[in-house]
Amino acid sequence: MKIYTVYLKEGSDPLEDAEYLSEGFSWKAFIFSFFWLIYHKLWVQGAAIFILFIVIGELAGAGAISEGADFVLNIGVCTYIGFAGKDYLRKRLESEGYDFADVVLAKSIDEAEYKFIDSLIKKHQTLQK
């Protein structure tokens with residue numbers, strides 16, 4: 001089971017415009033770090049990581065750090081992106097006017113969407129009683 005956080009824009013249709021973020025480490029962000037950031041429109045973070053990779057490469061090329069240190073630093077940066085990537089996404093959503101709406105425990109994003117919509121229907125039915 002995964003934990004999903006749900007974000008909604010004020011006045012938007014929760015059935016159509018909800019954003020679901022799975023919590024925890026992102027293997028895609030770890031493996032594709034720079035490209036993952038750019039794909040998710042995290043321009044500043046993507047540029048910073050790109051520059052960091054260039055600096056690490058230049059330091060290794062100039063002999064200032066060993067190849068082993070180069071590898072460890074690059075893996076460290078990718079690990080950081082794997083852990084922090086979802087936080088960057090969350091901040092981007094909040095800057096675009098999305099607000100935290102709910103937390104859902106589900107096996108997949110489809111199940112998370114179903115559970116969230118079901119909870120909205122139940123809340124609506126309770127309010128009408």
# chains A, B, ... in the order shown; residues from 1 in each chain; ligands from 1

$ select_by_dssp --residues "region 18-123 of chain A" --states "helix (DSSP H, G or I)" --output "PDB file with N, CA, C and O atoms, in the first residue's frame"
ATOM      1  N   TRP A  27      11.878   6.269  -7.388  1.00  0.00           N
ATOM      2  CA  TRP A  27      12.917   5.636  -8.188  1.00  0.00           C
ATOM      3  C   TRP A  27      13.093   6.342  -9.526  1.00  0.00           C
ATOM      4  O   TRP A  27      14.211   6.429 -10.038  1.00  0.00           O
ATOM      5  N   LYS A  28      12.006   6.831 -10.089  1.00  0.00           N
ATOM      6  CA  LYS A  28      12.111   7.550 -11.361  1.00  0.00           C
ATOM      7  C   LYS A  28      12.941   8.818 -11.193  1.00  0.00           C
ATOM      8  O   LYS A  28      13.759   9.155 -12.043  1.00  0.00           O
ATOM      9  N   ALA A  29      12.721   9.534 -10.094  1.00  0.00           N
ATOM     10  CA  ALA A  29      13.492  10.746  -9.824  1.00  0.00           C
ATOM     11  C   ALA A  29      14.961  10.396  -9.580  1.00  0.00           C
ATOM     12  O   ALA A  29      15.864  11.129 -10.001  1.00  0.00           O
ATOM     13  N   PHE A  30      15.217   9.284  -8.917  1.00  0.00           N
ATOM     14  CA  PHE A  30      16.589   8.839  -8.665  1.00  0.00           C
ATOM     15  C   PHE A  30      17.306   8.510  -9.971  1.00  0.00           C
ATOM     16  O   PHE A  30      18.419   8.963 -10.217  1.00  0.00           O
ATOM     17  N   ILE A  31      16.651   7.748 -10.831  1.00  0.00           N
ATOM     18  CA  ILE A  31      17.291   7.278 -12.065  1.00  0.00           C
ATOM     19  C   ILE A  31      17.423   8.389 -13.111  1.00  0.00           C
ATOM     20  O   ILE A  31      18.456   8.524 -13.760  1.00  0.00           O
ATOM     21  N   PHE A  32      16.376   9.190 -13.254  1.00  0.00           N
ATOM     22  CA  PHE A  32      16.355  10.197 -14.319  1.00  0.00           C
ATOM     23  C   PHE A  32      16.529  11.623 -13.786  1.00  0.00           C
ATOM     24  O   PHE A  32      16.173  12.574 -14.476  1.00  0.00           O
ATOM     25  N   SER A  33      17.065  11.784 -12.614  1.00  0.00           N
ATOM     26  CA  SER A  33      17.118  13.026 -11.831  1.00  0.00           C
ATOM     27  C   SER A  33      16.877  14.323 -12.617  1.00  0.00           C
ATOM     28  O   SER A  33      15.825  14.939 -12.476  1.00  0.00           O
ATOM     29  N   PHE A  34      17.807  14.759 -13.411  1.00  0.00           N
ATOM     30  CA  PHE A  34      17.674  16.028 -14.136  1.00  0.00           C
ATOM     31  C   PHE A  34      16.452  16.005 -15.059  1.00  0.00           C
ATOM     32  O   PHE A  34      15.645  16.935 -15.071  1.00  0.00           O
ATOM     33  N   PHE A  35      16.320  14.946 -15.828  1.00  0.00           N
ATOM     34  CA  PHE A  35      15.211  14.847 -16.785  1.00  0.00           C
ATOM     35  C   PHE A  35      13.869  14.763 -16.068  1.00  0.00           C
ATOM     36  O   PHE A  35      12.875  15.309 -16.535  1.00  0.00           O
ATOM     37  N   TRP A  36      13.824  14.090 -14.918  1.00  0.00           N
ATOM     38  CA  TRP A  36      12.602  14.001 -14.114  1.00  0.00           C
ATOM     39  C   TRP A  36      12.186  15.392 -13.634  1.00  0.00           C
ATOM     40  O   TRP A  36      11.007  15.748 -13.693  1.00  0.00           O
ATOM     41  N   LEU A  37      13.139  16.159 -13.167  1.00  0.00           N
ATOM     42  CA  LEU A  37      12.850  17.519 -12.706  1.00  0.00           C
ATOM     43  C   LEU A  37      12.312  18.383 -13.844  1.00  0.00           C
ATOM     44  O   LEU A  37      11.312  19.094 -13.680  1.00  0.00           O
ATOM     45  N   ILE A  38      12.932  18.324 -14.988  1.00  0.00           N
ATOM     46  CA  ILE A  38      12.490  19.121 -16.139  1.00  0.00           C
ATOM     47  C   ILE A  38      11.103  18.657 -16.601  1.00  0.00           C
ATOM     48  O   ILE A  38      10.238  19.485 -16.902  1.00  0.00           O
ATOM     49  N   TYR A  39      10.880  17.361 -16.658  1.00  0.00           N
ATOM     50  CA  TYR A  39       9.579  16.819 -17.070  1.00  0.00           C
ATOM     51  C   TYR A  39       8.452  17.353 -16.180  1.00  0.00           C
ATOM     52  O   TYR A  39       7.362  17.646 -16.637  1.00  0.00           O
ATOM     53  N   TRP A  43      11.969  23.834 -13.033  1.00  0.00           N
ATOM     54  CA  TRP A  43      13.057  24.428 -13.812  1.00  0.00           C
ATOM     55  C   TRP A  43      14.259  24.818 -12.960  1.00  0.00           C
ATOM     56  O   TRP A  43      15.406  24.532 -13.345  1.00  0.00           O
ATOM     57  N   VAL A  44      14.019  25.480 -11.845  1.00  0.00           N
ATOM     58  CA  VAL A  44      15.131  25.964 -11.015  1.00  0.00           C
ATOM     59  C   VAL A  44      15.916  24.790 -10.443  1.00  0.00           C
ATOM     60  O   VAL A  44      17.151  24.764 -10.500  1.00  0.00           O
ATOM     61  N   GLN A  45      15.196  23.815  -9.916  1.00  0.00           N
ATOM     62  CA  GLN A  45      15.861  22.639  -9.352  1.00  0.00           C
ATOM     63  C   GLN A  45      16.606  21.861 -10.443  1.00  0.00           C
ATOM     64  O   GLN A  45      17.720  21.388 -10.220  1.00  0.00           O
ATOM     65  N   GLY A  46      15.988  21.757 -11.628  1.00  0.00           N
ATOM     66  CA  GLY A  46      16.640  21.077 -12.743  1.00  0.00           C
ATOM     67  C   GLY A  46      17.918  21.774 -13.158  1.00  0.00           C
ATOM     68  O   GLY A  46      18.955  21.128 -13.396  1.00  0.00           O
ATOM     69  N   ALA A  47      17.882  23.099 -13.245  1.00  0.00           N
ATOM     70  CA  ALA A  47      19.081  23.863 -13.605  1.00  0.00           C
ATOM     71  C   ALA A  47      20.163  23.706 -12.544  1.00  0.00           C
ATOM     72  O   ALA A  47      21.348  23.540 -12.876  1.00  0.00           O
ATOM     73  N   ALA A  48      19.759  23.732 -11.278  1.00  0.00           N
ATOM     74  CA  ALA A  48      20.732  23.588 -10.187  1.00  0.00           C
ATOM     75  C   ALA A  48      21.405  22.214 -10.230  1.00  0.00           C
ATOM     76  O   ALA A  48      22.631  22.104 -10.077  1.00  0.00           O
ATOM     77  N   ILE A  49      20.633  21.173 -10.471  1.00  0.00           N
ATOM     78  CA  ILE A  49      21.196  19.823 -10.536  1.00  0.00           C
ATOM     79  C   ILE A  49      22.094  19.680 -11.770  1.00  0.00           C
ATOM     80  O   ILE A  49      23.164  19.070 -11.701  1.00  0.00           O
ATOM     81  N   PHE A  50      21.680  20.251 -12.883  1.00  0.00           N
ATOM     82  CA  PHE A  50      22.490  20.213 -14.099  1.00  0.00           C
ATOM     83  C   PHE A  50      23.850  20.861 -13.837  1.00  0.00           C
ATOM     84  O   PHE A  50      24.901  20.303 -14.174  1.00  0.00           O
ATOM     85  N   ILE A  51      23.841  22.033 -13.221  1.00  0.00           N
ATOM     86  CA  ILE A  51      25.088  22.744 -12.901  1.00  0.00           C
ATOM     87  C   ILE A  51      25.932  21.927 -11.931  1.00  0.00           C
ATOM     88  O   ILE A  51      27.154  21.826 -12.081  1.00  0.00           O
ATOM     89  N   LEU A  52      25.279  21.331 -10.945  1.00  0.00           N
ATOM     90  CA  LEU A  52      25.994  20.509  -9.964  1.00  0.00           C
ATOM     91  C   LEU A  52      26.672  19.315 -10.640  1.00  0.00           C
ATOM     92  O   LEU A  52      27.837  19.015 -10.349  1.00  0.00           O
ATOM     93  N   PHE A  53      25.961  18.652 -11.559  1.00  0.00           N
ATOM     94  CA  PHE A  53      26.569  17.540 -12.291  1.00  0.00           C
ATOM     95  C   PHE A  53      27.769  18.013 -13.121  1.00  0.00           C
ATOM     96  O   PHE A  53      28.788  17.324 -13.202  1.00  0.00           O
ATOM     97  N   ILE A  54      27.670  19.183 -13.732  1.00  0.00           N
ATOM     98  CA  ILE A  54      28.783  19.728 -14.516  1.00  0.00           C
ATOM     99  C   ILE A  54      29.977  20.030 -13.612  1.00  0.00           C
ATOM    100  O   ILE A  54      31.118  19.687 -13.936  1.00  0.00           O
ATOM    101  N   VAL A  55      29.719  20.646 -12.465  1.00  0.00           N
ATOM    102  CA  VAL A  55      30.806  20.970 -11.528  1.00  0.00           C
ATOM    103  C   VAL A  55      31.496  19.696 -11.052  1.00  0.00           C
ATOM    104  O   VAL A  55      32.740  19.615 -11.026  1.00  0.00           O
ATOM    105  N   ILE A  56      30.712  18.686 -10.694  1.00  0.00           N
ATOM    106  CA  ILE A  56      31.302  17.420 -10.244  1.00  0.00           C
ATOM    107  C   ILE A  56      32.142  16.809 -11.370  1.00  0.00           C
ATOM    108  O   ILE A  56      33.268  16.349 -11.137  1.00  0.00           O
ATOM    109  N   GLY A  57      31.614  16.829 -12.592  1.00  0.00           N
ATOM    110  CA  GLY A  57      32.357  16.292 -13.732  1.00  0.00           C
ATOM    111  C   GLY A  57      33.647  17.051 -14.000  1.00  0.00           C
ATOM    112  O   GLY A  57      34.685  16.450 -14.300  1.00  0.00           O
ATOM    113  N   GLU A  58      33.586  18.368 -13.908  1.00  0.00           N
ATOM    114  CA  GLU A  58      34.785  19.191 -14.129  1.00  0.00           C
ATOM    115  C   GLU A  58      35.827  18.952 -13.038  1.00  0.00           C
ATOM    116  O   GLU A  58      37.025  18.909 -13.324  1.00  0.00           O
ATOM    117  N   LEU A  59      35.369  18.819 -11.796  1.00  0.00           N
ATOM    118  CA  LEU A  59      36.308  18.533 -10.702  1.00  0.00           C
ATOM    119  C   LEU A  59      36.998  17.194 -10.923  1.00  0.00           C
ATOM    120  O   LEU A  59      38.202  17.062 -10.697  1.00  0.00           O
ATOM    121  N   ALA A  60      36.226  16.202 -11.363  1.00  0.00           N
ATOM    122  CA  ALA A  60      36.818  14.886 -11.631  1.00  0.00           C
ATOM    123  C   ALA A  60      37.758  14.956 -12.827  1.00  0.00           C
ATOM    124  O   ALA A  60      38.843  14.354 -12.810  1.00  0.00           O
ATOM    125  N   GLY A  61      37.356  15.699 -13.865  1.00  0.00           N
ATOM    126  CA  GLY A  61      38.198  15.839 -15.052  1.00  0.00           C
ATOM    127  C   GLY A  61      39.509  16.554 -14.764  1.00  0.00           C
ATOM    128  O   GLY A  61      40.542  16.262 -15.372  1.00  0.00           O
ATOM    129  N   GLU A  67      37.848   9.444  -9.322  1.00  0.00           N
ATOM    130  CA  GLU A  67      36.686   8.899 -10.036  1.00  0.00           C
ATOM    131  C   GLU A  67      35.706   8.270  -9.054  1.00  0.00           C
ATOM    132  O   GLU A  67      34.500   8.325  -9.264  1.00  0.00           O
ATOM    133  N   GLY A  68      36.224   7.663  -8.017  1.00  0.00           N
ATOM    134  CA  GLY A  68      35.352   7.070  -6.986  1.00  0.00           C
ATOM    135  C   GLY A  68      34.532   8.139  -6.278  1.00  0.00           C
ATOM    136  O   GLY A  68      33.327   7.960  -6.041  1.00  0.00           O
ATOM    137  N   ALA A  69      35.158   9.261  -5.975  1.00  0.00           N
ATOM    138  CA  ALA A  69      34.440  10.362  -5.327  1.00  0.00           C
ATOM    139  C   ALA A  69      33.416  10.959  -6.282  1.00  0.00           C
ATOM    140  O   ALA A  69      32.310  11.330  -5.870  1.00  0.00           O
ATOM    141  N   ASP A  70      33.776  11.035  -7.554  1.00  0.00           N
ATOM    142  CA  ASP A  70      32.851  11.513  -8.585  1.00  0.00           C
ATOM    143  C   ASP A  70      31.588  10.641  -8.600  1.00  0.00           C
ATOM    144  O   ASP A  70      30.467  11.150  -8.588  1.00  0.00           O
ATOM    145  N   PHE A  71      31.790   9.337  -8.603  1.00  0.00           N
ATOM    146  CA  PHE A  71      30.667   8.397  -8.609  1.00  0.00           C
ATOM    147  C   PHE A  71      29.808   8.555  -7.353  1.00  0.00           C
ATOM    148  O   PHE A  71      28.583   8.642  -7.423  1.00  0.00           O
ATOM    149  N   VAL A  72      30.444   8.627  -6.200  1.00  0.00           N
ATOM    150  CA  VAL A  72      29.723   8.749  -4.930  1.00  0.00           C
ATOM    151  C   VAL A  72      28.936  10.061  -4.878  1.00  0.00           C
ATOM    152  O   VAL A  72      27.779  10.082  -4.447  1.00  0.00           O
ATOM    153  N   LEU A  73      29.535  11.152  -5.327  1.00  0.00           N
ATOM    154  CA  LEU A  73      28.838  12.440  -5.331  1.00  0.00           C
ATOM    155  C   LEU A  73      27.626  12.416  -6.268  1.00  0.00           C
ATOM    156  O   LEU A  73      26.550  12.917  -5.920  1.00  0.00           O
ATOM    157  N   ASN A  74      27.792  11.832  -7.451  1.00  0.00           N
ATOM    158  CA  ASN A  74      26.671  11.746  -8.391  1.00  0.00           C
ATOM    159  C   ASN A  74      25.543  10.878  -7.834  1.00  0.00           C
ATOM    160  O   ASN A  74      24.369  11.236  -7.951  1.00  0.00           O
ATOM    161  N   ILE A  75      25.880   9.756  -7.232  1.00  0.00           N
ATOM    162  CA  ILE A  75      24.860   8.896  -6.612  1.00  0.00           C
ATOM    163  C   ILE A  75      24.193   9.632  -5.456  1.00  0.00           C
ATOM    164  O   ILE A  75      22.971   9.537  -5.261  1.00  0.00           O
ATOM    165  N   GLY A  76      24.971  10.396  -4.706  1.00  0.00           N
ATOM    166  CA  GLY A  76      24.405  11.182  -3.605  1.00  0.00           C
ATOM    167  C   GLY A  76      23.395  12.210  -4.093  1.00  0.00           C
ATOM    168  O   GLY A  76      22.326  12.372  -3.508  1.00  0.00           O
ATOM    169  N   VAL A  77      23.723  12.896  -5.174  1.00  0.00           N
ATOM    170  CA  VAL A  77      22.807  13.885  -5.753  1.00  0.00           C
ATOM    171  C   VAL A  77      21.534  13.193  -6.232  1.00  0.00           C
ATOM    172  O   VAL A  77      20.422  13.661  -5.970  1.00  0.00           O
ATOM    173  N   CYS A  78      21.679  12.072  -6.921  1.00  0.00           N
ATOM    174  CA  CYS A  78      20.507  11.335  -7.410  1.00  0.00           C
ATOM    175  C   CYS A  78      19.646  10.820  -6.257  1.00  0.00           C
ATOM    176  O   CYS A  78      18.407  10.859  -6.326  1.00  0.00           O
ATOM    177  N   THR A  79      20.281  10.367  -5.189  1.00  0.00           N
ATOM    178  CA  THR A  79      19.550   9.907  -4.016  1.00  0.00           C
ATOM    179  C   THR A  79      18.772  11.062  -3.390  1.00  0.00           C
ATOM    180  O   THR A  79      17.603  10.900  -3.008  1.00  0.00           O
ATOM    181  N   TYR A  80      19.403  12.210  -3.308  1.00  0.00           N
ATOM    182  CA  TYR A  80      18.714  13.394  -2.781  1.00  0.00           C
ATOM    183  C   TYR A  80      17.466  13.710  -3.608  1.00  0.00           C
ATOM    184  O   TYR A  80      16.398  13.960  -3.059  1.00  0.00           O
ATOM    185  N   ILE A  81      17.594  13.689  -4.925  1.00  0.00           N
ATOM    186  CA  ILE A  81      16.450  13.970  -5.801  1.00  0.00           C
ATOM    187  C   ILE A  81      15.373  12.903  -5.604  1.00  0.00           C
ATOM    188  O   ILE A  81      14.182  13.203  -5.609  1.00  0.00           O
ATOM    189  N   GLY A  82      15.780  11.652  -5.426  1.00  0.00           N
ATOM    190  CA  GLY A  82      14.817  10.578  -5.178  1.00  0.00           C
ATOM    191  C   GLY A  82      13.995  10.817  -3.930  1.00  0.00           C
ATOM    192  O   GLY A  82      12.798  10.539  -3.895  1.00  0.00           O
ATOM    193  N   PHE A  83      14.633  11.351  -2.892  1.00  0.00           N
ATOM    194  CA  PHE A  83      13.917  11.631  -1.640  1.00  0.00           C
ATOM    195  C   PHE A  83      13.178  12.968  -1.670  1.00  0.00           C
ATOM    196  O   PHE A  83      12.086  13.084  -1.129  1.00  0.00           O
ATOM    197  N   ALA A  84      13.758  13.989  -2.276  1.00  0.00           N
ATOM    198  CA  ALA A  84      13.188  15.343  -2.211  1.00  0.00           C
ATOM    199  C   ALA A  84      12.297  15.708  -3.392  1.00  0.00           C
ATOM    200  O   ALA A  84      11.584  16.704  -3.335  1.00  0.00           O
ATOM    201  N   GLY A  85      12.310  14.914  -4.441  1.00  0.00           N
ATOM    202  CA  GLY A  85      11.569  15.256  -5.652  1.00  0.00           C
ATOM    203  C   GLY A  85      10.089  15.511  -5.430  1.00  0.00           C
ATOM    204  O   GLY A  85       9.522  16.478  -5.950  1.00  0.00           O
ATOM    205  N   LYS A  86       9.441  14.654  -4.656  1.00  0.00           N
ATOM    206  CA  LYS A  86       8.001  14.826  -4.399  1.00  0.00           C
ATOM    207  C   LYS A  86       7.732  16.104  -3.597  1.00  0.00           C
ATOM    208  O   LYS A  86       6.704  16.744  -3.777  1.00  0.00           O
ATOM    209  N   ASP A  87       8.667  16.473  -2.723  1.00  0.00           N
ATOM    210  CA  ASP A  87       8.511  17.731  -1.981  1.00  0.00           C
ATOM    211  C   ASP A  87       8.564  18.926  -2.924  1.00  0.00           C
ATOM    212  O   ASP A  87       7.815  19.886  -2.769  1.00  0.00           O
ATOM    213  N   TYR A  88       9.451  18.861  -3.905  1.00  0.00           N
ATOM    214  CA  TYR A  88       9.513  19.923  -4.904  1.00  0.00           C
ATOM    215  C   TYR A  88       8.216  19.992  -5.706  1.00  0.00           C
ATOM    216  O   TYR A  88       7.714  21.083  -6.000  1.00  0.00           O
ATOM    217  N   LEU A  89       7.668  18.831  -6.052  1.00  0.00           N
ATOM    218  CA  LEU A  89       6.386  18.805  -6.768  1.00  0.00           C
ATOM    219  C   LEU A  89       5.274  19.423  -5.922  1.00  0.00           C
ATOM    220  O   LEU A  89       4.445  20.182  -6.425  1.00  0.00           O
ATOM    221  N   ARG A  90       5.260  19.082  -4.656  1.00  0.00           N
ATOM    222  CA  ARG A  90       4.252  19.614  -3.731  1.00  0.00           C
ATOM    223  C   ARG A  90       4.339  21.143  -3.664  1.00  0.00           C
ATOM    224  O   ARG A  90       3.331  21.840  -3.745  1.00  0.00           O
ATOM    225  N   LYS A  91       5.544  21.660  -3.560  1.00  0.00           N
ATOM    226  CA  LYS A  91       5.730  23.115  -3.506  1.00  0.00           C
ATOM    227  C   LYS A  91       5.292  23.778  -4.810  1.00  0.00           C
ATOM    228  O   LYS A  91       4.727  24.867  -4.795  1.00  0.00           O
ATOM    229  N   ARG A  92       5.575  23.123  -5.948  1.00  0.00           N
ATOM    230  CA  ARG A  92       5.129  23.667  -7.225  1.00  0.00           C
ATOM    231  C   ARG A  92       3.611  23.717  -7.295  1.00  0.00           C
ATOM    232  O   ARG A  92       3.026  24.718  -7.720  1.00  0.00           O
ATOM    233  N   LEU A  93       2.941  22.658  -6.860  1.00  0.00           N
ATOM    234  CA  LEU A  93       1.475  22.646  -6.858  1.00  0.00           C
ATOM    235  C   LEU A  93       0.927  23.762  -5.970  1.00  0.00           C
ATOM    236  O   LEU A  93      -0.011  24.456  -6.351  1.00  0.00           O
ATOM    237  N   GLU A  94       1.504  23.935  -4.795  1.00  0.00           N
ATOM    238  CA  GLU A  94       1.046  24.989  -3.886  1.00  0.00           C
ATOM    239  C   GLU A  94       1.266  26.369  -4.494  1.00  0.00           C
ATOM    240  O   GLU A  94       0.437  27.255  -4.333  1.00  0.00           O
ATOM    241  N   SER A  95       2.367  26.555  -5.226  1.00  0.00           N
ATOM    242  CA  SER A  95       2.616  27.851  -5.863  1.00  0.00           C
ATOM    243  C   SER A  95       1.645  28.107  -7.015  1.00  0.00           C
ATOM    244  O   SER A  95       1.421  29.250  -7.399  1.00  0.00           O
ATOM    245  N   ILE A 109      -2.647   4.508  -8.010  1.00  0.00           N
ATOM    246  CA  ILE A 109      -3.208   5.851  -8.140  1.00  0.00           C
ATOM    247  C   ILE A 109      -4.689   5.783  -8.526  1.00  0.00           C
ATOM    248  O   ILE A 109      -5.489   6.612  -8.102  1.00  0.00           O
ATOM    249  N   ASP A 110      -5.070   4.769  -9.296  1.00  0.00           N
ATOM    250  CA  ASP A 110      -6.478   4.608  -9.654  1.00  0.00           C
ATOM    251  C   ASP A 110      -7.337   4.335  -8.425  1.00  0.00           C
ATOM    252  O   ASP A 110      -8.418   4.896  -8.262  1.00  0.00           O
ATOM    253  N   GLU A 111      -6.820   3.460  -7.552  1.00  0.00           N
ATOM    254  CA  GLU A 111      -7.548   3.173  -6.318  1.00  0.00           C
ATOM    255  C   GLU A 111      -7.587   4.405  -5.418  1.00  0.00           C
ATOM    256  O   GLU A 111      -8.601   4.677  -4.769  1.00  0.00           O
ATOM    257  N   ALA A 112      -6.508   5.170  -5.384  1.00  0.00           N
ATOM    258  CA  ALA A 112      -6.481   6.397  -4.589  1.00  0.00           C
ATOM    259  C   ALA A 112      -7.527   7.381  -5.084  1.00  0.00           C
ATOM    260  O   ALA A 112      -8.241   8.001  -4.286  1.00  0.00           O
ATOM    261  N   GLU A 113      -7.638   7.520  -6.402  1.00  0.00           N
ATOM    262  CA  GLU A 113      -8.645   8.410  -6.975  1.00  0.00           C
ATOM    263  C   GLU A 113     -10.050   7.941  -6.609  1.00  0.00           C
ATOM    264  O   GLU A 113     -10.897   8.740  -6.210  1.00  0.00           O
ATOM    265  N   TYR A 114     -10.295   6.640  -6.715  1.00  0.00           N
ATOM    266  CA  TYR A 114     -11.602   6.078  -6.366  1.00  0.00           C
ATOM    267  C   TYR A 114     -11.932   6.353  -4.897  1.00  0.00           C
ATOM    268  O   TYR A 114     -13.041   6.796  -4.569  1.00  0.00           O
ATOM    269  N   LYS A 115     -10.978   6.080  -4.009  1.00  0.00           N
ATOM    270  CA  LYS A 115     -11.218   6.278  -2.574  1.00  0.00           C
ATOM    271  C   LYS A 115     -11.465   7.746  -2.243  1.00  0.00           C
ATOM    272  O   LYS A 115     -12.319   8.074  -1.419  1.00  0.00           O
ATOM    273  N   PHE A 116     -10.716   8.645  -2.886  1.00  0.00           N
ATOM    274  CA  PHE A 116     -10.904  10.066  -2.613  1.00  0.00           C
ATOM    275  C   PHE A 116     -12.280  10.533  -3.071  1.00  0.00           C
ATOM    276  O   PHE A 116     -12.995  11.218  -2.332  1.00  0.00           O
ATOM    277  N   ILE A 117     -12.675  10.145  -4.275  1.00  0.00           N
ATOM    278  CA  ILE A 117     -13.993  10.543  -4.795  1.00  0.00           C
ATOM    279  C   ILE A 117     -15.097   9.934  -3.946  1.00  0.00           C
ATOM    280  O   ILE A 117     -16.091  10.599  -3.628  1.00  0.00           O
ATOM    281  N   ASP A 118     -14.914   8.669  -3.527  1.00  0.00           N
ATOM    282  CA  ASP A 118     -15.893   8.021  -2.658  1.00  0.00           C
ATOM    283  C   ASP A 118     -16.029   8.775  -1.337  1.00  0.00           C
ATOM    284  O   ASP A 118     -17.147   8.971  -0.833  1.00  0.00           O
ATOM    285  N   SER A 119     -14.916   9.232  -0.784  1.00  0.00           N
ATOM    286  CA  SER A 119     -14.984   9.986   0.482  1.00  0.00           C
ATOM    287  C   SER A 119     -15.688  11.330   0.287  1.00  0.00           C
ATOM    288  O   SER A 119     -16.415  11.785   1.167  1.00  0.00           O
ATOM    289  N   LEU A 120     -15.485  11.958  -0.879  1.00  0.00           N
ATOM    290  CA  LEU A 120     -16.192  13.213  -1.161  1.00  0.00           C
ATOM    291  C   LEU A 120     -17.693  12.989  -1.245  1.00  0.00           C
ATOM    292  O   LEU A 120     -18.482  13.791  -0.724  1.00  0.00           O
ATOM    293  N   ILE A 121     -18.087  11.905  -1.886  1.00  0.00           N
ATOM    294  CA  ILE A 121     -19.524  11.585  -2.001  1.00  0.00           C
ATOM    295  C   ILE A 121     -20.116  11.337  -0.624  1.00  0.00           C
ATOM    296  O   ILE A 121     -21.200  11.839  -0.298  1.00  0.00           O
ATOM    297  N   LYS A 122     -19.418  10.576   0.213  1.00  0.00           N
ATOM    298  CA  LYS A 122     -19.913  10.288   1.569  1.00  0.00           C
ATOM    299  C   LYS A 122     -20.025  11.566   2.398  1.00  0.00           C
ATOM    300  O   LYS A 122     -20.990  11.755   3.132  1.00  0.00           O
ATOM    301  N   LYS A 123     -19.054  12.467   2.293  1.00  0.00           N
ATOM    302  CA  LYS A 123     -19.114  13.742   3.022  1.00  0.00           C
ATOM    303  C   LYS A 123     -20.299  14.570   2.551  1.00  0.00           C
ATOM    304  O   LYS A 123     -21.009  15.180   3.351  1.00  0.00           O
TER     305      LYS A 123
END

$ residues_around --residues "region 96-108 of chain A" --least-positions-apart "4" --cutoff "7 Å" --atoms "only C-alpha atoms" --output "list in words"
Met1, Lys2, Ile3, Tyr4, Thr5, Val6, Tyr7, Leu8, Lys9, Glu10, Arg92, Ala112 and Phe116 of chain A

$ select_by_dssp --residues "region 38-105 of chain A" --states "strand (DSSP E)" --output "ChimeraX atom specification"
/A:98-105

$ write_last_selection --atoms "C-alpha atoms" --output "JSON list (two decimals), in the first residue's frame"
[["chain", "number", "residue", "atom", "x", "y", "z"],
["A", 98, "TYR", "CA", -3.40, 23.99, -5.16],
["A", 99, "ASP", "CA", -4.27, 23.24, -1.53],
["A", 100, "PHE", "CA", -3.84, 20.04, 0.40],
["A", 101, "ALA", "CA", -7.17, 18.17, 0.41],
["A", 102, "ASP", "CA", -6.68, 14.67, 1.81],
["A", 103, "VAL", "CA", -4.45, 11.67, 2.42],
["A", 104, "VAL", "CA", -5.40, 8.33, 0.86],
["A", 105, "LEU", "CA", -3.96, 4.87, 1.46]]

$ atom_distance --atom1 "CA of Thr126 (chain A)" --atom2 "CA of Ala18 (chain A)"
21.5 Å

$ atom_distance --atom1 "CA of Lys41 (chain A)" --atom2 "CA of Pro14 (chain A)"
22.5 Å

$ atom_distance --atom1 "CA of His124 (chain A)" --atom2 "CA of Asp13 (chain A)"
14.1 Å
